[in-house]
file model.cif (mmCIF, C-alpha atoms)
data_protein
loop_
_atom_site.label_atom_id
_atom_site.label_comp_id
_atom_site.auth_asym_id
_atom_site.auth_seq_id
_atom_site.Cartn_x
_atom_site.Cartn_y
_atom_site.Cartn_z
CA MET A 163 -43.68 16.91 -10.28
CA ARG A 164 -40.49 18.30 -8.67
CA ALA A 165 -38.98 14.82 -8.48
CA LEU A 166 -38.03 14.98 -12.18
CA SER A 167 -35.89 18.10 -11.85
CA ILE A 168 -34.51 17.07 -8.44
CA ALA A 169 -33.38 13.69 -9.75
CA ALA A 170 -31.87 15.40 -12.80
CA THR A 171 -29.64 17.51 -10.53
CA GLY A 172 -28.65 14.32 -8.71
CA MET A 173 -27.67 12.62 -11.98
CA SER A 174 -25.68 15.68 -13.04
CA ALA A 175 -23.84 15.71 -9.69
CA GLN A 176 -22.94 12.01 -9.91
CA GLN A 177 -21.81 12.50 -13.49
CA MET A 178 -19.40 15.24 -12.35
CA ARG A 179 -18.18 12.94 -9.58
CA VAL A 180 -17.47 10.17 -12.08
CA GLU A 181 -15.62 12.62 -14.36
CA THR A 182 -13.46 13.73 -11.41
CA ILE A 183 -12.70 10.13 -10.45
CA SER A 184 -11.85 9.23 -14.04
CA ASN A 185 -9.37 12.11 -14.19
CA ASN A 186 -7.76 10.88 -10.97
CA LEU A 187 -7.40 7.35 -12.31
CA ALA A 188 -6.02 8.65 -15.60
CA ASN A 189 -3.30 10.48 -13.63
CA MET A 190 -2.44 7.71 -11.17
CA ASN A 191 1.09 7.58 -12.68
CA THR A 192 1.53 11.33 -13.19
CA THR A 193 4.51 12.74 -11.30
CA GLY A 194 3.47 14.97 -8.38
CA TYR A 195 -0.25 14.68 -9.13
CA ASN A 196 -2.71 15.21 -6.26
CA ALA A 197 -6.18 13.67 -6.37
CA ARG A 198 -9.25 15.89 -6.84
CA ARG A 199 -12.53 15.57 -5.00
CA ALA A 200 -15.94 16.81 -6.16
CA GLU A 201 -17.88 18.54 -3.40
CA PHE A 202 -21.62 19.27 -3.34
CA ALA A 203 -24.27 21.21 -1.42
CA ASP A 204 -28.06 21.09 -1.35
CA LEU A 205 -30.02 23.61 -3.43
CA HIS A 206 -32.60 26.13 -2.26
CA TYR A 207 -35.67 25.01 -0.34
CA GLN A 208 -39.25 25.90 -1.12
CA GLN A 209 -40.81 27.04 2.14
CA ALA A 210 -44.38 25.74 1.95
CA SER A 211 -44.69 26.39 5.68
CA ARG A 212 -41.89 28.01 7.64
CA PRO A 213 -40.88 26.60 11.02
CA GLY A 214 -41.96 28.82 13.88
CA THR A 215 -44.92 30.39 12.08
CA VAL A 216 -48.26 30.65 13.85
CA ASN A 217 -50.71 27.83 13.28
CA ALA A 218 -53.94 29.59 12.24
CA SER A 219 -56.16 26.97 13.84
CA ASP A 220 -55.11 27.39 17.48
CA GLY A 221 -52.32 30.00 17.51
CA THR A 222 -49.47 27.60 18.39
CA LEU A 223 -46.11 27.72 16.61
CA LEU A 224 -45.24 25.10 14.01
CA PRO A 225 -42.28 23.06 15.33
CA THR A 226 -40.87 22.02 11.93
CA GLY A 227 -42.83 23.42 9.00
CA VAL A 228 -42.72 22.12 5.43
CA GLN A 229 -39.45 22.71 3.55
CA LEU A 230 -39.15 21.05 0.15
CA GLY A 231 -35.60 20.61 -1.18
CA LEU A 232 -34.92 21.29 -4.85
CA GLY A 233 -31.88 19.10 -5.42
CA VAL A 234 -28.09 19.30 -5.30
CA ARG A 235 -25.43 21.51 -6.83
CA ALA A 236 -21.65 21.29 -7.22
CA THR A 237 -19.65 23.65 -5.01
CA SER A 238 -16.10 22.80 -5.99
CA VAL A 239 -13.63 20.28 -7.31
CA SER A 240 -10.78 20.75 -4.88
CA VAL A 241 -7.25 19.36 -4.71
CA GLU A 242 -6.36 17.04 -1.85
CA ILE A 243 -2.80 18.06 -1.04
CA GLN A 244 -1.00 14.90 0.05
CA GLN A 245 2.61 13.75 -0.07
CA GLY A 246 3.08 11.11 -2.74
CA ALA A 247 5.53 8.24 -2.36
CA LEU A 248 9.12 8.96 -3.44
CA GLU A 249 10.45 6.87 -6.29
CA GLN A 250 14.19 6.62 -6.80
CA THR A 251 15.37 7.42 -10.32
CA GLY A 252 19.03 8.31 -9.91
CA GLY A 253 18.73 11.30 -12.24
CA ASP A 254 20.94 14.29 -11.42
CA LEU A 255 18.12 16.73 -12.10
CA ASP A 256 15.28 14.67 -10.66
CA LEU A 257 14.04 16.40 -7.50
CA ALA A 258 11.32 15.32 -5.08
CA ILE A 259 9.83 17.77 -2.59
CA GLU A 260 9.55 16.24 0.88
CA GLY A 261 6.91 18.37 2.55
CA SER A 262 5.05 21.44 1.37
CA GLY A 263 6.04 23.79 -1.42
CA PHE A 264 6.16 24.17 -5.19
CA LEU A 265 8.90 24.71 -7.73
CA GLU A 266 8.47 27.97 -9.65
CA VAL A 267 8.84 28.07 -13.43
CA THR A 268 8.51 30.91 -15.91
CA LEU A 269 6.05 30.49 -18.80
CA PRO A 270 6.84 31.92 -22.26
CA SER A 271 4.48 34.82 -21.47
CA GLY A 272 6.61 35.71 -18.45
CA THR A 273 3.94 34.53 -15.99
CA ALA A 274 5.08 32.50 -13.00
CA ALA A 275 3.65 28.99 -12.68
CA TYR A 276 4.13 26.41 -9.94
CA THR A 277 4.58 22.65 -9.93
CA ARG A 278 5.55 19.69 -7.76
CA ASP A 279 6.86 17.80 -10.77
CA GLY A 280 10.60 17.71 -10.14
CA GLY A 281 11.54 15.91 -13.35
CA LEU A 282 13.86 18.71 -14.47
CA LYS A 283 15.95 18.78 -17.63
CA ARG A 284 18.87 20.68 -19.13
CA SER A 285 18.25 22.86 -22.17
CA ALA A 286 20.64 23.28 -25.12
CA GLU A 287 21.91 26.45 -23.46
CA GLY A 288 22.53 24.62 -20.17
CA LEU A 289 19.53 26.17 -18.42
CA ILE A 290 17.65 24.03 -15.86
CA VAL A 291 14.10 23.70 -17.20
CA SER A 292 10.93 21.71 -16.59
CA SER A 293 9.83 18.77 -18.73
CA ASP A 294 8.00 21.23 -21.00
CA GLY A 295 11.07 23.46 -21.35
CA TYR A 296 10.04 26.23 -18.94
CA ALA A 297 12.95 27.79 -17.06
CA VAL A 298 13.06 27.10 -13.33
CA ALA A 299 13.15 30.26 -11.21
CA PRO A 300 15.64 31.51 -10.24
CA GLU A 301 17.44 30.65 -13.46
CA ILE A 302 20.48 28.40 -13.10
CA THR A 303 22.81 27.60 -16.01
CA ILE A 304 24.99 24.49 -16.03
CA PRO A 305 28.37 24.97 -17.80
CA ASP A 306 29.09 22.72 -20.79
CA ASP A 307 32.17 21.14 -19.18
CA THR A 308 30.30 20.05 -16.06
CA LYS A 309 31.11 16.49 -15.06
CA SER A 310 28.23 15.98 -12.62
CA ILE A 311 25.64 17.90 -10.62
CA ALA A 312 24.84 17.70 -6.90
CA ILE A 313 21.80 19.32 -5.28
CA ASN A 314 21.48 19.29 -1.50
CA SER A 315 18.30 19.35 0.57
CA GLU A 316 18.38 23.18 0.77
CA GLY A 317 18.34 23.46 -3.02
CA GLU A 318 21.97 24.50 -3.53
CA VAL A 319 23.19 23.36 -6.95
CA TYR A 320 26.87 22.38 -7.23
CA ALA A 321 28.81 21.51 -10.37
CA TYR A 322 31.84 19.19 -10.46
CA PHE A 323 34.58 19.61 -13.07
CA ASP A 324 37.44 17.35 -14.17
CA ASP A 325 40.10 19.98 -13.47
CA ALA A 326 38.83 21.01 -10.01
CA VAL A 327 38.64 19.18 -6.70
CA GLU A 328 36.05 21.39 -5.04
CA PRO A 329 32.60 21.83 -6.61
CA GLU A 330 31.34 25.21 -7.81
CA LEU A 331 28.08 26.65 -6.47
CA LEU A 332 25.86 27.53 -9.46
CA GLY A 333 22.82 28.81 -7.58
CA GLN A 334 20.00 27.81 -5.28
CA ILE A 335 16.58 26.40 -6.14
CA THR A 336 13.80 27.95 -4.07
CA LEU A 337 10.29 26.79 -3.18
CA ALA A 338 7.02 28.73 -3.11
CA SER A 339 4.14 28.34 -0.67
CA PHE A 340 0.57 29.69 -0.52
CA SER A 341 -1.83 30.43 2.31
CA ASN A 342 -4.58 28.50 0.47
CA THR A 343 -3.08 25.85 -1.78
CA LYS A 344 -6.53 24.62 -2.85
CA GLY A 345 -7.16 28.05 -4.40
CA LEU A 346 -4.51 27.53 -7.10
CA GLU A 347 -5.70 27.28 -10.71
CA ALA A 348 -4.66 24.09 -12.50
CA ILE A 349 -3.73 24.71 -16.15
CA GLY A 350 -2.46 21.25 -17.08
CA SER A 351 1.08 19.89 -17.55
CA ASN A 352 1.34 19.63 -13.74
CA LEU A 353 1.26 23.44 -13.51
CA PHE A 354 -0.70 25.80 -11.27
CA LEU A 355 -1.28 29.54 -11.41
CA GLU A 356 -1.64 31.94 -8.50
CA THR A 357 -5.16 33.32 -7.96
CA GLY A 358 -6.87 35.72 -5.61
CA ALA A 359 -8.15 32.71 -3.65
CA SER A 360 -4.69 31.17 -3.20
CA GLY A 361 -3.00 34.33 -1.99
CA ASN A 362 0.39 35.57 -3.13
CA ALA A 363 3.31 33.19 -3.43
CA THR A 364 5.82 33.25 -0.59
CA VAL A 365 9.23 32.20 -1.88
CA GLY A 366 11.83 30.81 0.48
CA THR A 367 14.70 28.42 1.01
CA PRO A 368 13.80 24.72 1.20
CA GLY A 369 13.69 23.53 4.79
CA GLU A 370 12.89 26.96 6.23
CA ASP A 371 9.61 28.66 7.22
CA GLY A 372 7.62 25.44 6.97
CA LEU A 373 8.79 24.59 3.44
CA GLY A 374 9.77 21.06 2.50
CA THR A 375 13.23 19.92 1.53
CA LEU A 376 14.56 18.64 -1.80
CA ARG A 377 15.80 15.14 -2.48
CA GLN A 378 18.00 14.61 -5.52
CA GLY A 379 17.59 11.46 -7.58
CA TYR A 380 13.93 10.95 -6.61
CA LEU A 381 10.53 11.86 -8.03
CA GLU A 382 7.24 12.21 -6.18
CA SER A 383 4.65 9.71 -7.34
CA SER A 384 0.95 10.48 -7.73
CA SER A 385 -1.01 10.49 -4.47
CA VAL A 386 -4.03 8.79 -6.11
CA ASP A 387 -5.30 5.78 -4.14
CA ALA A 388 -6.65 3.42 -6.81
CA VAL A 389 -8.67 1.34 -4.32
CA ARG A 390 -10.41 4.43 -2.93
CA GLU A 391 -11.11 5.76 -6.41
CA VAL A 392 -12.71 2.50 -7.56
CA THR A 393 -14.83 2.39 -4.39
CA GLU A 394 -16.05 5.94 -4.97
CA LEU A 395 -16.67 5.12 -8.63
CA ILE A 396 -19.03 2.31 -7.61
CA GLU A 397 -20.81 4.65 -5.16
CA ALA A 398 -21.23 7.29 -7.87
CA GLN A 399 -22.56 4.72 -10.33
CA ARG A 400 -25.13 3.48 -7.81
CA GLY A 401 -26.14 7.04 -7.00
CA TYR A 402 -26.65 7.77 -10.70
CA GLU A 403 -28.77 4.64 -11.11
CA LEU A 404 -30.95 5.53 -8.09
CA ASN A 405 -31.62 9.02 -9.44
CA ALA A 406 -32.47 7.51 -12.81
CA LYS A 407 -34.99 5.23 -11.06
CA VAL A 408 -36.58 8.28 -9.42
CA ILE A 409 -37.12 9.81 -12.87
CA THR A 410 -38.66 6.54 -14.08
CA ALA A 411 -40.98 6.40 -11.06
CA ALA A 412 -42.00 10.05 -11.49
CA ASP A 413 -42.71 9.45 -15.18
CA GLN A 414 -44.91 6.45 -14.32
CA MET A 415 -46.80 8.53 -11.75
CA LEU A 416 -47.43 11.26 -14.32
CA SER A 417 -48.56 8.65 -16.84
CA ALA A 418 -51.00 7.22 -14.28
CA THR A 419 -52.38 10.71 -13.62
CA SER A 420 -52.91 11.41 -17.34
CA GLN A 421 -54.81 8.14 -17.79
CA ILE A 422 -57.40 8.92 -15.13
CA ARG A 423 -60.85 9.05 -16.72
#
call {"tool": "encode", "arguments": {"input": "model.cif", "output": "structure tokens"}}
result
Amino acid sequence: MRALSIAATGMSAQQMRVETISNNLANMNTTGYNARRAEFADLHYQQASRPGTVNASDGTLLPTGVQLGLGVRATSVSVEIQQGALEQTGGDLDLAIEGSGFLEVTLPSGTAAYTRDGGLKRSAEGLIVSSDGYAVAPEITIPDDTKSIAINSEGEVYAYFDDAVEPELLGQITLASFSNTKGLEAIGSNLFLETGASGNATVGTPGEDGLGTLRQGYLESSSVDAVREVTELIEAQRGYELNAKVITAADQMLSATSQIR
């Protein structure tokens, strides 16, 4: 009775879909979060009779054959890269990326990580860091006597002082892009790592070479569409229930067979 194992793969697939949707809904207020989508493909087929084989009775070719599917399997849980809505915060170090690109930060291990979470902070040493305290690359230090900070759309960071009329250029924030953004490895805390599937990071100036621009005083909201997620959650629940009914029906058929006298 193949229906038991086939329906089991269907229940497992819908369970993964529900888990993906639940993660999206849990992060509907996470800064710079992009929704994930579970993707599936059919499993192998048992070729009881291949299409195009010779029919032994009269020598004609079978037009379709008999191909019995063995279920479904998960192929990926990919990121849907979409621009989230910009929310005004007024923070000097709050940056939203309008367009493509990622901010680069340096992990304690020295590894480069990438994020669209522009909620930056200032460390005790004056270094511009992420919310988790990772230094933004390239490193920019804000002097202690700085009155205010201004960051333009190209990522240039200027400091204003009480005893100076003109601002001082402290450095420039860059953005990184990838040939295959969906190939990045998510490690949590709104961070991604470069992989062989994503390709190497290409670092450039915001607004150039297809990169987005920066907007000071704003943060990018999550791109999760709550209505769409709830709709897909209902579909996944119904799919799980239907596969469970297939298992029940197969079990009843086996029970009927065992009771034959």
call {"tool": "resolve_selection", "arguments": {"input": "model.cif", "expression": "the PyMOL selection byres ((chain A and resi 178-188) around 8)", "output": "JSON list (two decimals) with C-alpha atoms, in the frame of the given file"}}
result
[["chain", "number", "residue", "atom", "x", "y", "z"],
["A", 174, "SER", "CA", -25.68, 15.68, -13.04],
["A", 175, "ALA", "CA", -23.84, 15.71, -9.69],
["A", 176, "GLN", "CA", -22.94, 12.01, -9.91],
["A", 177, "GLN", "CA", -21.81, 12.50, -13.49],
["A", 189, "ASN", "CA", -3.30, 10.48, -13.63],
["A", 190, "MET", "CA", -2.44, 7.71, -11.17],
["A", 191, "ASN", "CA", 1.09, 7.58, -12.68],
["A", 197, "ALA", "CA", -6.18, 13.67, -6.37],
["A", 198, "ARG", "CA", -9.25, 15.89, -6.84],
["A", 199, "ARG", "CA", -12.53, 15.57, -5.00],
["A", 200, "ALA", "CA", -15.94, 16.81, -6.16],
["A", 239, "VAL", "CA", -13.63, 20.28, -7.31],
["A", 386, "VAL", "CA", -4.03, 8.79, -6.11],
["A", 388, "ALA", "CA", -6.65, 3.42, -6.81],
["A", 391, "GLU", "CA", -11.11, 5.76, -6.41],
["A", 394, "GLU", "CA", -16.05, 5.94, -4.97],
["A", 395, "LEU", "CA", -16.67, 5.12, -8.63],
["A", 398, "ALA", "CA", -21.23, 7.29, -7.87],
["A", 399, "GLN", "CA", -22.56, 4.72, -10.33]]
call {"tool": "resolve_selection", "arguments": {"input": "model.cif", "expression": "the PyMOL selection byres ((chain A and resi 332-343) around 10)", "output": "compact mmCIF listing (two decimals) with C-alpha atoms, in the frame of the given file"}}
result
# COMPACT_ATOMS: atom_id res chain seq x y z
CA SER A 240 -10.78 20.75 -4.88
CA VAL A 241 -7.25 19.36 -4.71
CA GLU A 242 -6.36 17.04 -1.85
CA ILE A 243 -2.80 18.06 -1.04
CA ILE A 259 9.83 17.77 -2.59
CA SER A 262 5.05 21.44 1.37
CA GLY A 263 6.04 23.79 -1.42
CA PHE A 264 6.16 24.17 -5.19
CA LEU A 265 8.90 24.71 -7.73
CA GLU A 266 8.47 27.97 -9.65
CA TYR A 276 4.13 26.41 -9.94
CA THR A 277 4.58 22.65 -9.93
CA ARG A 278 5.55 19.69 -7.76
CA VAL A 298 13.06 27.10 -13.33
CA ALA A 299 13.15 30.26 -11.21
CA PRO A 300 15.64 31.51 -10.24
CA GLU A 301 17.44 30.65 -13.46
CA ILE A 302 20.48 28.40 -13.10
CA THR A 303 22.81 27.60 -16.01
CA ILE A 304 24.99 24.49 -16.03
CA PRO A 305 28.37 24.97 -17.80
CA ILE A 311 25.64 17.90 -10.62
CA ILE A 313 21.80 19.32 -5.28
CA ASN A 314 21.48 19.29 -1.50
CA SER A 315 18.30 19.35 0.57
CA GLU A 316 18.38 23.18 0.77
CA GLY A 317 18.34 23.46 -3.02
CA GLU A 318 21.97 24.50 -3.53
CA VAL A 319 23.19 23.36 -6.95
CA TYR A 320 26.87 22.38 -7.23
CA ALA A 321 28.81 21.51 -10.37
CA PRO A 329 32.60 21.83 -6.61
CA GLU A 330 31.34 25.21 -7.81
CA LEU A 331 28.08 26.65 -6.47
CA LYS A 344 -6.53 24.62 -2.85
CA GLY A 345 -7.16 28.05 -4.40
CA LEU A 346 -4.51 27.53 -7.10
CA GLU A 347 -5.70 27.28 -10.71
CA PHE A 354 -0.70 25.80 -11.27
CA GLU A 356 -1.64 31.94 -8.50
CA THR A 357 -5.16 33.32 -7.96
CA GLY A 358 -6.87 35.72 -5.61
CA ALA A 359 -8.15 32.71 -3.65
CA SER A 360 -4.69 31.17 -3.20
CA GLY A 361 -3.00 34.33 -1.99
CA ASN A 362 0.39 35.57 -3.13
CA ALA A 363 3.31 33.19 -3.43
CA THR A 364 5.82 33.25 -0.59
CA VAL A 365 9.23 32.20 -1.88
CA GLY A 366 11.83 30.81 0.48
CA THR A 367 14.70 28.42 1.01
CA PRO A 368 13.80 24.72 1.20
CA GLY A 369 13.69 23.53 4.79
CA GLU A 370 12.89 26.96 6.23
CA ASP A 371 9.61 28.66 7.22
CA GLY A 372 7.62 25.44 6.97
CA LEU A 373 8.79 24.59 3.44
CA GLY A 374 9.77 21.06 2.50
CA THR A 375 13.23 19.92 1.53
CA LEU A 376 14.56 18.64 -1.80
call {"tool": "atom_distance", "arguments": {"input": "model.cif", "atom1": "CA of Tyr402 (chain A)", "atom2": "CA of His206 (chain A)"}}
result
21.1 Å
call {"tool": "resolve_selection", "arguments": {"input": "model.cif", "expression": "the PyMOL selection byres ((chain A and resi 282-288) around 8)", "output": "VMD selection string"}}
result
chain A and resid 255 to 257 279 to 281 289 to 293 295 303 to 306
call {"tool": "atom_distance", "arguments": {"input": "model.cif", "atom1": "CA of Thr192 (chain A)", "atom2": "CA of Arg400 (chain A)"}}
result
28.3 Å
call {"tool": "residues_around", "arguments": {"input": "model.cif", "residues": "Val234 (chain A)", "least_positions_apart": "6", "cutoff": "7 Å", "atoms": "only C-alpha atoms", "output": "number ranges by chain"}}
result
A: 171-172, 202-205
call {"tool": "closest_residue", "arguments": {"input": "model.cif", "among": "A:Leu269, A:Leu248, A:Ile349, A:Ala274", "to": "Arg377 (chain A)", "atoms": "only C-alpha atoms"}}
result
A:Leu248
call {"tool": "residues_near_point", "arguments": {"input": "model.cif", "point": "(3.2, 7.3, -7.4)", "cutoff": "6 Å", "atoms": "only C-alpha atoms", "output": "list in words"}}
result
Asn191, Ala247, Ser383 and Ser384 of chain A
call {"tool": "atom_distance", "arguments": {"input": "model.cif", "atom1": "CA of Ile409 (chain A)", "atom2": "CA of Glu201 (chain A)"}}
result
23.2 Å
call {"tool": "closest_residue", "arguments": {"input": "model.cif", "among": "A:Gly214, A:Gly194, A:Gly227, A:Gly401", "to": "Gly261 (chain A)", "atoms": "all atoms listed in the file"}}
result
A:Gly194
call {"tool": "closest_residue", "arguments": {"input": "model.cif", "among": "A:Asn217, A:Asn352, A:Gln209, A:Gln250", "to": "Leu232 (chain A)", "atoms": "all atoms listed in the file"}}
result
A:Gln209
call {"tool": "residues_around", "arguments": {"input": "model.cif", "residues": "Pro213 (chain A)", "least_positions_apart": "3", "cutoff": "12 Å", "atoms": "only C-alpha atoms", "output": "ChimeraX atom specification"}}
result
/A:209-210,216-217,222-229
